[in-house]
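Enquirer: I have a structure here, written as C-alpha cells, and I will follow up with some questions on it.
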Amino acid sequence: MELKKKSLVFLLLNVLIRCIASQNVTTFYWVVSIDTSHVVHIARWPKVLSSFGKLGHRSQSVLHPSGTKDILTVNGEFPGPAIYRHRGERFNVNVRNEGKYNVTIHWHGVKQPRNPWSDGPNYVTQCPIKPGANFTYEIILSDEEGTLWWHAHSDWSRATVHGPLIILPEQGKGYPFPQPQNEVPIVLASWFKGDVMEIIETALQNGGEPNQSDAFTINGQPGDLYDCSTEGTFKMMVDYGKTYLLRIINAIMNEEMFFMVANHSLTVVGTDGAYIKPINTSYIMITPGQTMDVLITADQSPSYYYMASRAYAVVGAYDNTTTTAIVQYNGNYTPPSTPPLPNLPNYTDTDAAANFTVRLRSLANEDYPVDVPQTVDTHMYITISMNTLPCVNNSCDGPDGSRLASSLNNISFVEPSIDVLQAYYKGINGVYDTDFPNEPPYYFNFTGDDLPDTLLTPERGTKVKVLDYNSNVEIVFQGTNVMNAAENHPMHLHGYSFYVVGNGTGNFDNSTDPTRYNLVDPPEVNTVGVPKNGWVAIRFRADNPGVWFMHCHLERHASWGMDTVLIVKNGTTSSTSMLEPPSYLNPC
Ligand SMILES: [Cu+2]
C-alpha cells in the first residue's frame with residue numbers, strides 16, 4: 001500500500017515536471033497530407049516585422065495555372081509554413097502523416113547539437129513516419145542566425161514538402177546591417193506535372209534519367225513566362241527609397257539557379273544561417289540546399305520589375321524554363337505593359353557562377369567571430385562521380401542499357417533497412433560498415449576528357465566514416481569527369497556548418513593548393529557547390545557527436561548513391577555525448 005502511494009506520488013510528480021518543462025517549448029502541429037480540395041496555395045508572407053516570432057500563417061487557395069494536380073503538403077500550404085524563431089531557441093514540431101507515402105522532415109542547416117535523433121534523413125537517423133503515424137521533432141538552435149529551411153527527407157517528397165525556417169537575432173538584438181523596412185522569403189522550387197514520387201520510383205526501376213521538372217516556382221507560383229494564367233504571380237510590394245531583406249531559399253530538386261531583379265542591384269549579407277561581408281552584385285548563383293540573405297533597395301522609378309530565376313546547368317538535360325515574380329512599387333503611376341526582365345547569365349555560364357561564389361567571405365568580426373581549424377587531424381579526399389551499374393541483358397535506360405548510379409570515393413550509397421543511428425546506438429551489426437575510405441581507390445586524371453570505361457562501375461554499400469570527437473577534419477571534394485558528366489555538385493553536411501577554405505578548377509594539388517587556403521575569413525556554410533571539374537576544401541571541428549548524413553543536394557544524384565554518413569563519436573563526458581533517444585521512435 002505504502003509502495004503504491006509512493007509510486008503514485010512519483011508518477012504525479014513526474015507528470016508535473018514534464019508539464020512544466022514542456023510549457024517552455026513551443027510545439028507546432030503539422031499534418032502532412034495530400035492536397036486534393038484545391039491545387040496550390042499562395043503563401044501570404046507576414047508584412048509586419050514586429051509580429052514575427054508568434055505569427056499564424058494565412059494562406060489562400062488559388063487555382064494553379066499549370067494544370068491541376070494533387071500534391072503532398074504540410075497543413076495544406078505550398079510552400080509550407082514558415083517558422084520564425086530567435087537565435088538559440090528550442091521548439092518542437094509534431095508531424096502527423098496523413099499522406100500515402102512514408103515521410104520524414106529535416107531541419108536544413110540546424111546543427112542540432114548532440115541531437116541527431118531529430119535530424120530527419122530517412123534510414124540515416126530515423127525510420128520513416130508511416131501513413132497514420134506521427135513523430136515529434138525536437139529542434140535545438142545554437143549559433144545559426146539568418147535564413148534556413150526545412151524539408152522532407154524521404155524519397156522525392158521534398159519537392160512540395162518544404163518551407164522557410166527563419167532565425168532572427170536574439171531578443172533585443174539587431175542585424176549587422178541597417179534594419180530593413182520589411183523582409184520577404186523567396187522560395188525557389190520545382191514543379192512537376194506528374195507525381196514526383198512516381199517519377200523517381202519509375203526512374204530507379206528503369207535505371208534511366210528521371211523526368212525533368214516542368215516549371216520552377218517562386219513562392220509557389222511559376223510566374224508570367226509560362227504558358228498559363230498570370231493571376232497568381234507572386235508580387236512583392238515596395239516603397240520607393242526603402243530597403244528590403246530577401247530571404248532566398250533554393251528548394252529546387254535538380255538545378256542550381258541564377259537569380260536577379262531587373263534594374264536593381266543586390267547586396268548579399270548572409271548565407272546558410274551565417275553573416276558574410278556584404279557583396280554587391282547584379283545576380284546570385286544559388287545551389288539546391290543553399291540560402292541567401294539579400295538586401296535590395298527600391299531606388300528605381302516607381303514601376304513593376306521582374307525578379308527572375310533560371311538554371312545554371314552544364315550537362316545533359318535540365319529544366320530550361322524561367323520563373324518570375326514582380327517587385328511592385330507603391331504609388332500612383334501608369335504600370336508598364338510588360339515589366340522589364342533581368343538579363344540572367346546564360347545556362348552554361350560557369351564563369352558567372354564561379355565569379356560570384358569566389359566572393360563569399362565570413363563577416364568575421366568581434367561580434368560574429370569565426371573559429372577556423374588551423375591544423376588538421378583527419379584528412380579526407382573524396383571524389384564525386386557519375387557512374388553506371390550493369391543491368392540484366394543491358395535492358396536498362398542508362399547508357400548502353402546500363403543503370404545510372406553515382407558515388408563518393410567510388411562507393412554508391414545503399415540505404416539500409418534500419419536507420420544507421422539506431423544501429424549505432426544499439427550496437428546492431430550488419431547495418432553499415434565503417435570502412436568508407438579516406439581517399440579514392442584509384443588515382444587518375446579526375447577531370448580529364450574521355451576517361452576509360454573501367455572507371456564507370458562503383459562499389460555499392462552502406463559505408464560510413466567514423467570521426468573522433470573534437471578532431472579537426474578537412475575534406476577535399478574532387479569533382480570528376482567520369483562519363484563525361486562533370487557538373488557542379490552541391491555537397492551538404494548535416495549536423496554542422498563548415499568553412500570553405502579553398503576551391504579551384506582541375507585536380508586538387510595537395511602540395512600547392514593548401515598554401516592558398518583562406519584560414520582567416522572563409523564562408524561558413526552547410527552546402528557548398530563543388531565546381532564543375534574542380535575541387536573544394538572544407539574544414540570543421542567534429543564537436544557534435546552523432547550520426548550525420550553527407551550528400552549531394554541534387555536529388556537525382558542523392559537517389560543514385562552520392563551520399564555517405566559521418567559518425568562522430570562521443571566525447572568523454574555526458575555533456576559531450578549524444579542525448580538519449582526520445583521516448584518514442586518510429587519503427588521501421
Ligand atoms: Cu551531385
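Residues in the C-alpha cells are named by chain (A, B, ... in the order shown) and by number from 1 within that chain; ligands are numbered from 1 in the order shown.
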Please extract the residues at most 10 Å from ligand 1, counting only C-alpha atoms and all ligand atoms, and provide them as a PyMOL selection string, using the chain letters and residue numbers of this document.
Expert: chain A and resi 254-255+384-386+406-408+479+486-491+529-530+551-563
Enquirer: Would you save the residues from that selection as an mmCIF file, in the first residue's frame, using C-alpha atoms?
Expert:
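Output (result22.cif):
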data_model
loop_
_atom_site.group_PDB
_atom_site.id
_atom_site.type_symbol
_atom_site.label_atom_id
_atom_site.label_comp_id
_atom_site.auth_asym_id
_atom_site.auth_seq_id
_atom_site.Cartn_x
_atom_site.Cartn_y
_atom_site.Cartn_z
ATOM 1 C CA ASN A 254 17.859 19.194 -59.574
ATOM 2 C CA GLU A 255 19.207 22.550 -60.751
ATOM 3 C CA ILE A 384 32.363 12.782 -56.723
ATOM 4 C CA SER A 385 31.371 10.778 -59.785
ATOM 5 C CA MET A 386 28.542 9.809 -62.044
ATOM 6 C CA SER A 406 26.642 7.929 -58.648
ATOM 7 C CA SER A 407 29.252 7.696 -55.931
ATOM 8 C CA LEU A 408 31.588 9.266 -53.403
ATOM 9 C CA GLY A 479 34.631 16.616 -58.950
ATOM 10 C CA ALA A 486 31.227 16.730 -64.879
ATOM 11 C CA GLU A 487 28.927 19.262 -63.246
ATOM 12 C CA ASN A 488 28.541 21.360 -60.127
ATOM 13 C CA HIS A 489 27.611 19.219 -57.090
ATOM 14 C CA PRO A 490 26.131 20.980 -54.039
ATOM 15 C CA MET A 491 27.514 18.903 -51.159
ATOM 16 C CA GLY A 529 28.887 23.815 -54.729
ATOM 17 C CA VAL A 530 31.862 21.715 -55.865
ATOM 18 C CA HIS A 551 25.243 14.056 -49.677
ATOM 19 C CA CYS A 552 24.795 15.879 -52.934
ATOM 20 C CA HIS A 553 21.699 18.077 -52.805
ATOM 21 C CA LEU A 554 20.832 17.423 -56.444
ATOM 22 C CA GLU A 555 18.057 14.985 -55.694
ATOM 23 C CA ARG A 556 18.696 12.605 -58.576
ATOM 24 C CA HIS A 557 22.344 12.262 -57.547
ATOM 25 C CA ALA A 558 21.383 11.582 -53.923
ATOM 26 C CA SER A 559 18.898 8.951 -55.145
ATOM 27 C CA TRP A 560 21.673 7.281 -57.185
ATOM 28 C CA GLY A 561 24.059 6.966 -54.237
ATOM 29 C CA MET A 562 26.068 10.218 -53.977
ATOM 30 C CA ASP A 563 25.863 10.023 -50.200
#
Enquirer: Residues of range 115-284 of chain A classed as strand (DSSP E) by DSSP on the backbone are to be reported as a ChimeraX atom specification.
Expert: /A:134-140,146-152,162-168,182-191,215-218,235-238,243-250,256-261,266-271,274-281,283-284
Enquirer: Selected residues, C-alpha atoms, written as an mmCIF file, in the first residue's frame, please.
Expert:
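Contents of again_7.cif, freshly written:
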data_model
loop_
_atom_site.group_PDB
_atom_site.id
_atom_site.type_symbol
_atom_site.label_atom_id
_atom_site.label_comp_id
_atom_site.auth_asym_id
_atom_site.auth_seq_id
_atom_site.Cartn_x
_atom_site.Cartn_y
_atom_site.Cartn_z
ATOM 1 C CA ASN A 134 3.434 10.719 -36.128
ATOM 2 C CA PHE A 135 6.732 11.884 -34.642
ATOM 3 C CA THR A 136 7.709 14.890 -32.546
ATOM 4 C CA TYR A 137 10.909 16.559 -33.686
ATOM 5 C CA GLU A 138 12.852 18.471 -31.030
ATOM 6 C CA ILE A 139 14.730 21.249 -32.772
ATOM 7 C CA ILE A 140 17.673 22.797 -30.925
ATOM 8 C CA GLY A 146 19.581 34.122 -40.698
ATOM 9 C CA THR A 147 17.688 32.036 -43.213
ATOM 10 C CA LEU A 148 17.475 28.264 -43.102
ATOM 11 C CA TRP A 149 14.714 25.934 -44.196
ATOM 12 C CA TRP A 150 13.059 22.608 -43.535
ATOM 13 C CA HIS A 151 12.137 19.885 -45.991
ATOM 14 C CA ALA A 152 11.038 16.287 -46.274
ATOM 15 C CA HIS A 162 9.404 22.351 -47.607
ATOM 16 C CA GLY A 163 9.336 25.829 -46.120
ATOM 17 C CA PRO A 164 11.384 28.625 -44.525
ATOM 18 C CA LEU A 165 12.987 28.378 -41.090
ATOM 19 C CA ILE A 166 13.951 31.917 -40.227
ATOM 20 C CA ILE A 167 16.209 32.572 -37.272
ATOM 21 C CA LEU A 168 16.046 36.137 -36.042
ATOM 22 C CA ASN A 182 10.444 44.521 -44.340
ATOM 23 C CA GLU A 183 11.584 41.019 -45.165
ATOM 24 C CA VAL A 184 10.260 38.560 -47.679
ATOM 25 C CA PRO A 185 11.030 34.856 -48.035
ATOM 26 C CA ILE A 186 11.678 33.897 -51.659
ATOM 27 C CA VAL A 187 11.340 30.135 -52.016
ATOM 28 C CA LEU A 188 12.521 28.690 -55.333
ATOM 29 C CA ALA A 189 11.016 25.267 -56.054
ATOM 30 C CA SER A 190 10.423 22.729 -58.806
ATOM 31 C CA TRP A 191 7.023 21.947 -60.268
ATOM 32 C CA ALA A 215 8.414 24.637 -64.193
ATOM 33 C CA PHE A 216 10.191 26.459 -61.410
ATOM 34 C CA THR A 217 8.215 28.451 -58.896
ATOM 35 C CA ILE A 218 8.778 31.496 -56.710
ATOM 36 C CA LYS A 235 4.128 40.189 -56.022
ATOM 37 C CA MET A 236 6.380 41.950 -53.583
ATOM 38 C CA MET A 237 5.169 45.458 -52.754
ATOM 39 C CA VAL A 238 7.856 48.079 -52.050
ATOM 40 C CA THR A 243 15.465 48.615 -48.327
ATOM 41 C CA TYR A 244 14.096 45.066 -48.095
ATOM 42 C CA LEU A 245 15.592 41.774 -46.992
ATOM 43 C CA LEU A 246 15.001 38.859 -49.349
ATOM 44 C CA ARG A 247 15.412 35.504 -47.656
ATOM 45 C CA ILE A 248 16.140 33.339 -50.679
ATOM 46 C CA ILE A 249 15.888 29.561 -50.371
ATOM 47 C CA ASN A 250 16.790 27.155 -53.173
ATOM 48 C CA GLU A 256 21.497 25.265 -59.458
ATOM 49 C CA MET A 257 19.958 28.640 -60.171
ATOM 50 C CA PHE A 258 20.834 32.177 -61.197
ATOM 51 C CA PHE A 259 18.592 34.853 -59.661
ATOM 52 C CA MET A 260 18.259 38.563 -60.485
ATOM 53 C CA VAL A 261 15.926 41.514 -60.141
ATOM 54 C CA LEU A 266 21.582 43.088 -54.777
ATOM 55 C CA THR A 267 23.642 43.071 -51.587
ATOM 56 C CA VAL A 268 24.229 39.582 -50.189
ATOM 57 C CA VAL A 269 24.694 39.757 -46.400
ATOM 58 C CA GLY A 270 24.308 36.139 -45.308
ATOM 59 C CA THR A 271 24.387 32.534 -46.474
ATOM 60 C CA ALA A 274 25.649 32.921 -41.061
ATOM 61 C CA TYR A 275 26.557 36.502 -41.950
ATOM 62 C CA ILE A 276 29.077 37.399 -44.634
ATOM 63 C CA LYS A 277 30.923 40.541 -45.672
ATOM 64 C CA PRO A 278 28.363 42.313 -47.868
ATOM 65 C CA ILE A 279 28.676 41.613 -51.595
ATOM 66 C CA ASN A 280 27.213 43.997 -54.156
ATOM 67 C CA THR A 281 26.177 42.114 -57.252
ATOM 68 C CA TYR A 283 22.972 38.385 -59.791
ATOM 69 C CA ILE A 284 23.453 35.445 -57.448
#
Enquirer: Could you tell me which of A:Pro523, A:Ala485, A:Asp450, A:Gly401 comes closest to Val315 in chain A if we count only C-alpha atoms?
Expert: A:Ala485
Enquirer: Please determine, counting only C-alpha atoms, which residue among A:Leu141, A:Thr160, A:Tyr442, A:Thr287 has the shortest atom-to-atom distance to Arg114 in chain A.
Expert: A:Leu141
Enquirer: Would you kindly return, as a list in words, each protein, DNA or RNA residue with an atom no farther than 7 Å from any atom of Asn507 in chain A, considering only C-alpha atoms and excluding same-chain residues fewer than 5 positions away?
Expert: Phe446, Thr447, Gly534 and Trp535 of chain A
Enquirer: Could you state the separation of CA of Ala352 in chain A and CA of Thr323 in chain A in Å, given to one decimal place?
Expert: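 Here the two named atoms are 19.3 Å from each other.
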Enquirer: Which residue is closest to Asp351 in chain A? Choose from A:Met285, A:Cys588, A:Leu295, A:Ala262 and count only C-alpha atoms.
Expert: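 Among the listed residues, the smallest separation from Asp351 in chain A belongs to A:Met285.
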Enquirer: Please return, as a PyMOL selection string, all residues of range 73-241 of chain A that DSSP assigns to helix (DSSP H, G or I) on the basis of the backbone.
Expert: chain A and resi 116-118+157-159+196-206
Enquirer: Identify, on the basis of only C-alpha atoms, every residue whose closest approach to Asn346 in chain A does not exceed 10 Å; exclude the query and any residue fewer than 4 positions from it along the same chain; express the result as a list of chain:residue names.
Expert: A:Phe258, A:Arg310, A:Ala311, A:Tyr312, A:Ala313, A:Thr350, A:Ala352
Enquirer: Grab the CA of His106 in chain A to CA of His153 in chain A distance for me, in Å with one decimal place.
Expert: 5.8 Å
Enquirer: Which is closest to Cys127 in chain A among A:Asn115, A:Gln171, A:Thr73, A:Thr104, if we use only C-alpha atoms?
Expert: A:Thr104
Enquirer: With only C-alpha atoms as the atoms that count, which of A:Glu474, A:Glu524, A:Asp377, A:Asp195 lies nearest to Ile538 in chain A?
Expert: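 Ranking A:Glu474, A:Glu524, A:Asp377, A:Asp195 by distance to Ile538 in chain A, first place goes to A:Glu474.
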Enquirer: If I take CA of Tyr347 in chain A and CA of Ile252 in chain A, how far is one from the other in Å, to one decimal?
Expert: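 Atom-to-atom, CA of Tyr347 in chain A and CA of Ile252 in chain A are spaced 15.5 Å apart.
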Enquirer: With only C-alpha atoms as the atoms that count, which of A:Asp239, A:Asp509, A:Asp272, A:Glu459 lies nearest to Ala298 in chain A?
Expert: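 Checking each candidate against Ala298 in chain A, we get A:Asp239 as the closest.
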